[in-house]
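Have a look at the structure below, then the notes.
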Amino acid sequence: MIIISPYSKALLSGKQNPKNYPYWKELIEMIDEPIIQVGIEGEQQLVPDFRKNLPITELRKLIQECRTWISCDSFFQHLGWDEGKKGIVLWGVSDPLIYGHPENNNLLADRKHLAENQFLWWEFVDHRNERFVKPKIVLEHLKE
Amino acid sequence: MSKVLCSVATRGRYFTTLPLVLNAIINQTKPVDKLVIFDDNDEPQDMRSQMIYQYFFQMLDIKGIAWEWLYADKKGQHHIHQRANSMGYEWVWRVDDDAIPEPNVLEELYSHVDEFVGAVGGSVLTPPYTPDTSTVTGLIDNIDNEPNIQWGVIKEEKQVEHLHCTFLYRAGVVDYNLGLSRVAHREETIFSYRLHQKDYKILVVPNAVTWHMKNPEGGIRSETKQELYEHDEQIFRNILRYRDKTIVVLNCGLGDHLVFSHVLPSIPNAEVFTCYPEVVPGKSIAEAIHLFGDIDPWNVYKKMDEWKWKDSLENAYRKLYA
């Protein structure tokens, strides 16, 4: 079983968070093992087993039970690291050298896509699909 | 040699003590690298139309001293000092608009600077009051029991824990407390004590006399509301109450708390204020704001931006709470 945590925190403006991975549906179709989605109420459901609003203790238990996990740059990648379970982090505009952990598998298409200022609101950064690695690459790392 | 910015905050003293202050700054034996006048007047004027100021500006130009006249935002002098503190200079010499330094003051203060020094002040004499401060300790614990050491003639270098009024300080190390009211009561005490808490030496030195011509008219603190002073005094007392603790304020996201939880064991005697007590136990953020007025100095994102940070978030936390 793998866990996916697809979405970063919603922006106040209603714009899509530029850290959100754009190819989840394609990626999920390519994965041949049970998937549990974690997130909060209001987020789009991508797989049949969507567990919403779990307390952090439940999330920790789930992480211990999974083979691995995949997340965008959200609190979940820190939680997986905190639990000592290696996972895949899908980066786009935030810098894995600052916000990531070398213990994880950090996938970034190109550093040229990183936001110029890493410390301001993400509201000011546009979401663009080309900033992220393609599902095929994620799958290769998932099989490792 | 490090660059020195001279910062003067002024209000209501265009034609009384401010010209004396500017003249004294222009005529320092060690020239400042830049002079910035922060004009906090309710009805600011363009002083380029005033003859005496025209002369000052020409003298500055002839001496090659950069200068700037900035209009402040009327929030109090602590906001002004914070602007100066973050202008990119290694040292800031803060001078009040009724404090007239003798010509050697900056040279003397600067001569005591080394890598361990955070701030240096001299005597700030207010005629006719010149108490004997030779036995004054300058320790924060004694602040209620002794006059300020700078009020008297300083006869020898002494290490203290806080300074008053005007001094030279290492910029960009600690922040001014922007949670204080417009009167900014105790702002310089809190600021210089923060430098002390960062393990920098705070010195008072002889032969650096500034004449404090206290003027009942005008002034950056020209507010009389007692509740503003009481508000600021309460913040000051809370800072003293927690002085033996390392204050940690985590006004940030869940992921940040998870990262910080790996840093916490290395922080001695931490007193934590937190958004996610289930991850990092502690008191509420509202309580931190109530106690300390301003929690921006603990904003790790603001700090990373200031530091042009390239390293990990975890190491940013280590630097912030070092």
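Each chain in the structure tokens gets a letter, A, B, ..., in the order shown, and its residues are numbered from 1; ligands are numbered from 1 in order too.
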- prompt: What residues in region 101-209 of chain B get the DSSP label strand (DSSP E or B)? Please answer as a list in words.
  reply: Pro101, Val117, Gly118, Ala119, Val120, Gly121, Gly122, Ser123, Val124, Leu125, Thr126, Tyr129, Lys158, Gln159, Val160, Phe167, Leu168, Tyr169, Arg170, Lys201, Ile202, Leu203, Val204, Val205, Pro206, Asn207, Ala208 and Val209 of chain B
- prompt: Within 6 Å of chain A, which residues of chain B show up when using only C-alpha atoms, listed as a ChimeraX atom specification?
  reply: /B:254-255,301,305,311-313
- request: Pick out the residues sitting within 10 Å of Tyr21 (chain A), and hand them over as an MDAnalysis selection string; count only C-alpha atoms, and ignore anything fewer than 5 positions along from it in its own chain.
  value: chainID A and resid 6:8 71:73 89:92 127:129 131:135
message: Nearest residue to Ile4 (chain A) out of A:Arg51, A:Lys136, A:Lys143, A:Lys61, using only C-alpha atoms?
response: A:Arg51
Mind checking which residues fall within 7 Å of Arg94 (chain B), counting only C-alpha atoms, ignoring those fewer than 4 positions away in the same chain, and posting them as a JSON list (two decimals) with N, CA and C atoms, in the first residue's frame?
```json
[["chain", "number", "residue", "atom", "x", "y", "z"],
["B", 6, "CYS", "N", 24.46, 56.79, 10.18],
["B", 6, "CYS", "CA", 23.96, 57.60, 11.29],
["B", 6, "CYS", "C", 22.47, 57.84, 11.08],
["B", 7, "SER", "N", 21.70, 57.50, 12.09],
["B", 7, "SER", "CA", 20.25, 57.60, 11.99],
["B", 7, "SER", "C", 19.73, 58.62, 13.00],
["B", 8, "VAL", "N", 18.97, 59.60, 12.50],
["B", 8, "VAL", "CA", 18.36, 60.61, 13.38],
["B", 8, "VAL", "C", 16.85, 60.59, 13.17],
["B", 166, "THR", "N", 21.38, 57.27, 22.98],
["B", 166, "THR", "CA", 22.21, 57.31, 21.78],
["B", 166, "THR", "C", 23.41, 56.39, 21.95],
["B", 167, "PHE", "N", 23.69, 55.61, 20.92],
["B", 167, "PHE", "CA", 24.86, 54.71, 20.96],
["B", 167, "PHE", "C", 25.13, 54.17, 19.57],
["B", 168, "LEU", "N", 26.28, 53.55, 19.43],
["B", 168, "LEU", "CA", 26.67, 52.88, 18.19],
["B", 168, "LEU", "C", 26.39, 51.40, 18.35]]
```
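The spacing separating CA of Tyr55 (chain B) from CA of Asn215 (chain B) amounts to 24.0 Å.
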Residues of region 61-251 of chain B in alpha helix (DSSP H), written as a count of residues only: 46
message: Neighbouring residues of region 194-205 of chain B were defined as those with any atom within 6 Å, considering only C-alpha atoms; residues of the same chain fewer than 2 positions away were excluded. Please report them as an MDAnalysis selection string.
response: chainID B and resid 116:122 157:161 191:192
Can I get the selected residues back with C-alpha atoms, as a tab-separated table (two decimals), in the first residue's frame?
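The resulting file, selection_18.tsv, is shown below:
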```
chain	number	residue	atom	x	y	z
B	116	PHE	CA	32.79	40.68	20.15
B	117	VAL	CA	31.18	44.08	20.63
B	118	GLY	CA	27.46	44.62	19.98
B	119	ALA	CA	27.03	48.23	21.08
B	120	VAL	CA	29.02	51.13	22.53
B	121	GLY	CA	27.67	54.19	24.30
B	122	GLY	CA	29.19	57.22	25.95
B	157	GLU	CA	35.31	51.48	29.99
B	158	LYS	CA	32.75	49.18	31.54
B	159	GLN	CA	30.75	46.25	30.27
B	160	VAL	CA	27.02	46.67	30.88
B	161	GLU	CA	23.82	44.95	29.78
B	191	PHE	CA	17.11	46.48	21.97
B	192	SER	CA	20.51	46.78	23.60
```
field: Contacts of Ser2 (chain B) within 10 Å, only C-alpha atoms, excl. fewer than 3 positions in-chain, as a VMD selection string
entry: chain B and resid 5 33 89 to 91 110
Atoms to include: N, CA and C atoms. Write the selected residues as a short mmCIF file (atom, residue, chain, number, x, y, z; two decimals), in the first residue's frame.
```cif
data_model
loop_
_atom_site.label_atom_id
_atom_site.label_comp_id
_atom_site.auth_asym_id
_atom_site.auth_seq_id
_atom_site.Cartn_x
_atom_site.Cartn_y
_atom_site.Cartn_z
N LEU B 5 26.24 53.88 9.45
CA LEU B 5 25.08 54.71 9.12
C LEU B 5 24.72 55.50 10.37
N ASP B 33 29.36 57.32 7.20
CA ASP B 33 29.31 56.98 5.78
C ASP B 33 28.01 57.45 5.15
N TYR B 89 23.84 48.29 6.64
CA TYR B 89 25.10 48.76 7.21
C TYR B 89 25.52 47.85 8.37
N GLU B 90 26.82 47.75 8.59
CA GLU B 90 27.25 46.88 9.69
C GLU B 90 27.04 47.58 11.04
N TRP B 91 27.17 48.89 11.03
CA TRP B 91 27.01 49.65 12.27
C TRP B 91 26.03 50.80 12.07
N TYR B 110 33.69 54.18 18.04
CA TYR B 110 34.11 53.19 17.05
C TYR B 110 35.46 52.56 17.40
#
```
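Put simply, CA of Gly152 (chain B) is 11.5 Å away from CA of Ala208 (chain B).
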